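See structure below.
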Amino acid sequence: MQSSNKSFAGDLDRLIFFGSVAGIISLCVPLALFPEQGGIILGKAFDFLTQQFGVFYVAGASLTFAFLLYLAFSRHGNIRLGNSAPEFSTLSWAAMLFCGGIGTSVLYWGVVEWAYFFQAPPYGVTPQTPEAMLWSVSYPIFHWGLMGWSLYVLPGVAIAYSYYVRGAKSLRLSDACEPVIGRQAQGALGRAIDLLFVVGLVGACSIGIGLAVPLIGACVAHLLGVDRAALGFTLDIAVILVVTCIFAGSVWMGLEKGIKRLSDLNVLLAMLLLVLILVTGPTLFIVELGFESVGHMLQNFIRMSTYTDAAGTTTFVEAWTVFYWAWWLALGPYMGVFITKISRGRTLRELILGGIGYGTLGCTVFFAILGNYALYLELNQLYPVIETLNTVGAPAAIVGVLGTLPMASAAILIFTLVCIIFAATSYDSASYTLAASATRSLAPEDHPHRGHRVFWAFLLGLLPITLVYMGGLKPLQSAVTLASVPLFMVTVVLTISLWRSIHAAESALSVTGDLSKAS
């Protein structure tokens with residue numbers, strides 16, 4: 001593949017480009033100038049949205065999963081995306097899919113998410129009991145599993161079908177929505193959809209970078225033997241700049257030389273880290289609890305998928321499940337564009353089952369090994385994970401857990417490298433997607449202009465810096481939930497457009513019945 005032959009300015013969709021830049025800056029400046037007031041407003045907005053509209057997120061995730069299973073196992077699953085063989089091996093495709101969709105967040109939450117649920121479990125379970133422990137290791141696998149990855153894959157299927165089968169000329173969401181909105185895809189409604197996507201993506205990406213920066217900073221401070229608190233925001237800025245430069249370089253090189261190579265390298269380093277923890281840690285405990293947690297999740301999958309806590313006994317659903325579905329949903333259109341660019345030549349069945357299956361498997365392994373190791377330390381009083389989490393924060397607790405391993409410095413170094421590369425692979429994918437979405441036309445064999453891709457790489461660091469400056473998890477949760485609201489309706493329109501397109505093609509080819517050639 002190669003970059004589009006047009007110049008940066010010739011490629012540019014000026015309305016989307018300048019409109020989204022203005023929108024992002026208008027969000028960042030007030031939050032930076034008035035962080036305390038901004039945090040209060042964001043927090044109130046988060047509480048209102050999750051309490052009043054949480055049921056729509058819960059129901060939407062369940063319907064998305066069911067719809068994708070129908071598509072995969074019906075005759076529509078045979079539809080092939082393009083007329084060529086897959087460009088990437090299955091291993092590289094799965095690696096780019098996983099690294100692009102997860103980022104550093106799986107390392108952050110993989111170590112400590114169980115601790116939040118262990119202290120405040122759902123369903124009225126008594127905290128810090130064996131039953132609470134089982135829910136605490138099952139819910140992370142649920143939140144990072146089948147339902148979440150479905151919210152990534154659905155936009156991927158819709159955009160890929162529009163691009164490779166219907167022959168859309170760009171990767172913009174407005175083109176994929178054309179079967180529903182008609183000529184408005186090129187009008188004001190289409191422009192609004194594309195603007196919402198770009199601004200929403202930057203907001204959704206912010207939480208990933210916002211979690212990654214303090215964690216990487218804590219690891220670096222430990223390795224250098226310096227006081228993390230003394231360096232404070234200065235270290236966070238340095239981390240953001242370093243990570244931004246890495247993924248700007250990666251996105252400059254493109255999919256094959258940059259994103260693919262970084263993803264392959266990161267999978268190998270991550271596997272090395274997980275094997276190290278599994279072999280040197282309590283192997284039997286990790287494996288046994290891992291199997292038990294998967295079984296417990298599957299046994300309670302329908303209950304967890306439909307749990308809304310209508311009686312309002314806790315804030316578990318709003319604070320966790322709704323937040324996670326909002327996060328996946330906000331990132332879904334971005335992943336849809338990225339999945340489209342790496343999935344030419346695959347069938348809808350391969351894309352759906354591979355996307356959900358490989359993503360779920362990868363997350364399950366991370367949570368089973370990282371989380372169960374940390375839980376073992378807590379239960380056996382080898383390290384006060386919960387106390388450190390509550391008093392000092394998650395980054396310090398994570399570094400402390402890794403510090404209990406044999407060859408602790410080597411383990412923390414590998415962990416730091418994986419964090420940095422995960423952040424880079426996730427956000428170079430986002431930069432690529434933003435550039436593609438702000439490009440007026442893009443053939444399947446072309447890329448957005450390099451300068452365009454690098455510009456978005458650096459702009460992606462702007463809002464995270466603001467949110468890290470505000471501090472705490474709540475502003476990050478609030479930002480991503482707000483970003484998901486407009487994209488919720490866009491995803492509904494994408495789904496209806498996909499359904500109409502497939503059935504229109506089926507009707508047109510009713511004589512031959514060869515849906516794989518629908519165009």
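Please note that chains go A, B, ... in the order of the structure tokens, that every chain numbers its residues from 1, and that ligands are numbered from 1 in the order shown.
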
> Among stretch 14-238 of chain A, which ones does DSSP place in alpha helix (DSSP H), written as a PyMOL selection string?
Replying inline: chain A and resi 14-33+35-73+90-102+105-119+130-143+146-160+173-176+178-181+188-224+228-231+233-238

What are the nearest atom pairs, with distances in Å to one decimal, for all residues of stretch 317-412 of chain A that come at most 9 Å from stretch 272-291 of chain A, using only C-alpha atoms, set out by chain and rising residue number as a tab-separated table?
```
residue	atom	partner	partner_atom	distance
A:Thr364	CA	A:Gly290	CA	8.4
A:Val365	CA	A:Gly290	CA	8.3
A:Phe366	CA	A:Leu274	CA	7.4
A:Phe367	CA	A:Gly290	CA	8.5
A:Ala368	CA	A:Gly290	CA	5.0
A:Ile369	CA	A:Ile286	CA	6.1
A:Leu370	CA	A:Leu274	CA	7.5
A:Gly371	CA	A:Ile286	CA	8.7
A:Asn372	CA	A:Ile286	CA	5.4
A:Tyr373	CA	A:Ile286	CA	6.4
A:Tyr376	CA	A:Phe285	CA	7.7
A:Leu402	CA	A:Ile277	CA	8.8
A:Leu405	CA	A:Thr280	CA	7.3
A:Pro406	CA	A:Thr280	CA	7.1
A:Ala411	CA	A:Leu273	CA	6.9
```

Residues from the last selection, N, CA, C and O atoms, saved as an mmCIF file, in the first residue's frame:
```cif
data_model
loop_
_atom_site.group_PDB
_atom_site.id
_atom_site.type_symbol
_atom_site.label_atom_id
_atom_site.label_comp_id
_atom_site.auth_asym_id
_atom_site.auth_seq_id
_atom_site.Cartn_x
_atom_site.Cartn_y
_atom_site.Cartn_z
ATOM 1 N N THR A 364 -8.919 -12.159 28.430
ATOM 2 C CA THR A 364 -9.093 -13.165 29.482
ATOM 3 C C THR A 364 -7.750 -13.632 30.024
ATOM 4 O O THR A 364 -7.570 -13.771 31.241
ATOM 5 N N VAL A 365 -6.787 -13.862 29.145
ATOM 6 C CA VAL A 365 -5.459 -14.303 29.576
ATOM 7 C C VAL A 365 -4.790 -13.230 30.435
ATOM 8 O O VAL A 365 -4.218 -13.531 31.491
ATOM 9 N N PHE A 366 -4.872 -11.975 30.004
ATOM 10 C CA PHE A 366 -4.268 -10.889 30.772
ATOM 11 C C PHE A 366 -4.876 -10.790 32.170
ATOM 12 O O PHE A 366 -4.166 -10.702 33.178
ATOM 13 N N PHE A 367 -6.206 -10.788 32.244
ATOM 14 C CA PHE A 367 -6.859 -10.639 33.540
ATOM 15 C C PHE A 367 -6.643 -11.858 34.431
ATOM 16 O O PHE A 367 -6.472 -11.722 35.650
ATOM 17 N N ALA A 368 -6.653 -13.040 33.831
ATOM 18 C CA ALA A 368 -6.471 -14.247 34.634
ATOM 19 C C ALA A 368 -5.087 -14.295 35.267
ATOM 20 O O ALA A 368 -4.940 -14.686 36.434
ATOM 21 N N ILE A 369 -4.072 -13.904 34.519
ATOM 22 C CA ILE A 369 -2.705 -13.994 35.046
ATOM 23 C C ILE A 369 -2.361 -12.794 35.932
ATOM 24 O O ILE A 369 -1.946 -12.951 37.084
ATOM 25 N N LEU A 370 -2.557 -11.584 35.417
ATOM 26 C CA LEU A 370 -2.199 -10.393 36.196
ATOM 27 C C LEU A 370 -3.081 -10.250 37.439
ATOM 28 O O LEU A 370 -2.587 -10.039 38.555
ATOM 29 N N GLY A 371 -4.388 -10.349 37.247
ATOM 30 C CA GLY A 371 -5.308 -10.148 38.358
ATOM 31 C C GLY A 371 -5.219 -11.239 39.411
ATOM 32 O O GLY A 371 -5.229 -10.954 40.613
ATOM 33 N N ASN A 372 -5.130 -12.487 38.981
ATOM 34 C CA ASN A 372 -5.088 -13.589 39.942
ATOM 35 C C ASN A 372 -3.783 -13.597 40.730
ATOM 36 O O ASN A 372 -3.754 -13.995 41.894
ATOM 37 N N TYR A 373 -2.698 -13.148 40.099
ATOM 38 C CA TYR A 373 -1.439 -13.042 40.832
ATOM 39 C C TYR A 373 -1.558 -11.975 41.926
ATOM 40 O O TYR A 373 -1.158 -12.193 43.085
ATOM 41 N N TYR A 376 -3.710 -13.241 44.753
ATOM 42 C CA TYR A 376 -2.969 -14.194 45.585
ATOM 43 C C TYR A 376 -2.115 -13.458 46.612
ATOM 44 O O TYR A 376 -2.054 -13.856 47.784
ATOM 45 N N LEU A 402 4.218 -5.855 40.905
ATOM 46 C CA LEU A 402 5.313 -6.314 40.049
ATOM 47 C C LEU A 402 6.613 -6.413 40.833
ATOM 48 O O LEU A 402 7.469 -7.269 40.538
ATOM 49 N N LEU A 405 7.817 -9.852 42.249
ATOM 50 C CA LEU A 405 8.274 -10.926 41.365
ATOM 51 C C LEU A 405 9.782 -11.129 41.492
ATOM 52 O O LEU A 405 10.519 -10.199 41.825
ATOM 53 N N PRO A 406 10.261 -12.348 41.232
ATOM 54 C CA PRO A 406 11.714 -12.531 41.085
ATOM 55 C C PRO A 406 12.206 -11.665 39.912
ATOM 56 O O PRO A 406 11.460 -11.448 38.954
ATOM 57 N N ALA A 411 11.204 -7.377 35.376
ATOM 58 C CA ALA A 411 9.766 -7.497 35.138
ATOM 59 C C ALA A 411 9.130 -6.132 34.944
ATOM 60 O O ALA A 411 8.298 -5.930 34.049
#
```

> Do you have the atom CA of A:Gly19-atom CA of A:Gly187 distance handy?
Replying inline: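 Atom CA of A:Gly187 lies 15.0 Å from atom CA of A:Gly19.
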
> Taking only C-alpha atoms into account, which of A:Ile216, A:Met297, A:Val267, A:Val493 comes nearest A:Val242?
Replying inline: A:Ile216

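Taking only C-alpha atoms into account, A:Asp236 lies nearest to A:Ile209 out of the set A:Arg261, A:His503, A:Ile41, A:Ile209.
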
> Hey, what's within 8 Å of A:Gly217 if we count only C-alpha atoms and toss same-chain stuff fewer than 2 positions away? As a ChimeraX atom specification, please?
Replying inline: /A:213-215,219-221,228,235-236,239

>> At a cut-off of 9 Å, using only C-alpha atoms, what residues contact A:Ala45? Leave out same-chain residues fewer than 4 positions from it and give the result as a list in words.
In response: Ile40, Ile41, Leu49, Thr50, Ser478, Thr481 and Leu482 of chain A

> In Å, with one decimal, what is the gap from atom CA of A:Gly357 to atom CA of A:Trp149?
Replying inline: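 These atoms are spaced 8.4 Å apart.
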
> With only C-alpha atoms as the basis for distance, which of A:Leu195, A:Gly403, A:Tyr139, A:Met96 is at the shortest distance from A:Arg303?
Replying inline: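 Smallest distance to A:Arg303 is found for A:Tyr139.
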
>> Can you tell me which residues surround A:Ala330 at a distance of at most 10 Å, considering only C-alpha atoms, apart from same-chain residues fewer than 6 positions away, and format the answer as a PyMOL selection string?
In response: chain A and resi 151-152+197+200-205+324+480-488+491

> For A:Leu173, which residue out of A:Thr314, A:Asn300, A:Ser507, A:Ser497 is the nearest one, using only C-alpha atoms?
Replying inline: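 When distances to A:Leu173 are compared using only C-alpha atoms, the smallest one comes from A:Ser497.
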
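Between atom CA of A:Thr308 and atom CA of A:Glu292 there is a distance of 24.5 Å.
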
Would you kindly return, as a PDB file with C-alpha atoms, in the first residue's frame, each protein, DNA or RNA residue with an atom no farther than 12 Å from any atom of A:Ala188, considering only C-alpha atoms and excluding same-chain residues fewer than 5 positions away?
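The resulting part22.pdb:
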```pdb
ATOM      1  CA  LEU A  15     -14.907  21.095   7.285  1.00  0.00           C
ATOM      2  CA  ILE A  16     -14.210  17.905   9.250  1.00  0.00           C
ATOM      3  CA  SER A 174     -21.490   9.305   6.817  1.00  0.00           C
ATOM      4  CA  ILE A 181     -29.847   8.968   5.530  1.00  0.00           C
ATOM      5  CA  GLY A 182     -29.652   9.023   1.728  1.00  0.00           C
ATOM      6  CA  ARG A 183     -28.408  12.220   0.094  1.00  0.00           C
ATOM      7  CA  ILE A 193     -21.985  12.558  11.970  1.00  0.00           C
ATOM      8  CA  ASP A 194     -18.354  12.794  10.878  1.00  0.00           C
ATOM      9  CA  LEU A 195     -17.652  15.682  13.255  1.00  0.00           C
TER      10      LEU A 195
END
```

>> With only C-alpha atoms as the counted atoms, please give the residues lying no more than 9 Å from A:Leu434, apart from itself and same-chain residues fewer than 2 positions off, as number ranges by chain.
In response: A: 197-198, 201-202, 334, 429-432, 436-439, 452-453, 456

> From the list A:Thr404, A:Gln186, A:Gln119, A:Ser84, which residue is nearest A:Leu389 when using only C-alpha atoms?
Replying inline: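 Comparing A:Thr404, A:Gln186, A:Gln119, A:Ser84 against A:Leu389, the winner is A:Gln119.
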
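Checking A:Trp328, A:Phe142, A:Phe422, A:Phe316 one by one against A:Gly124, counting only C-alpha atoms, you find the shortest gap at A:Phe316.
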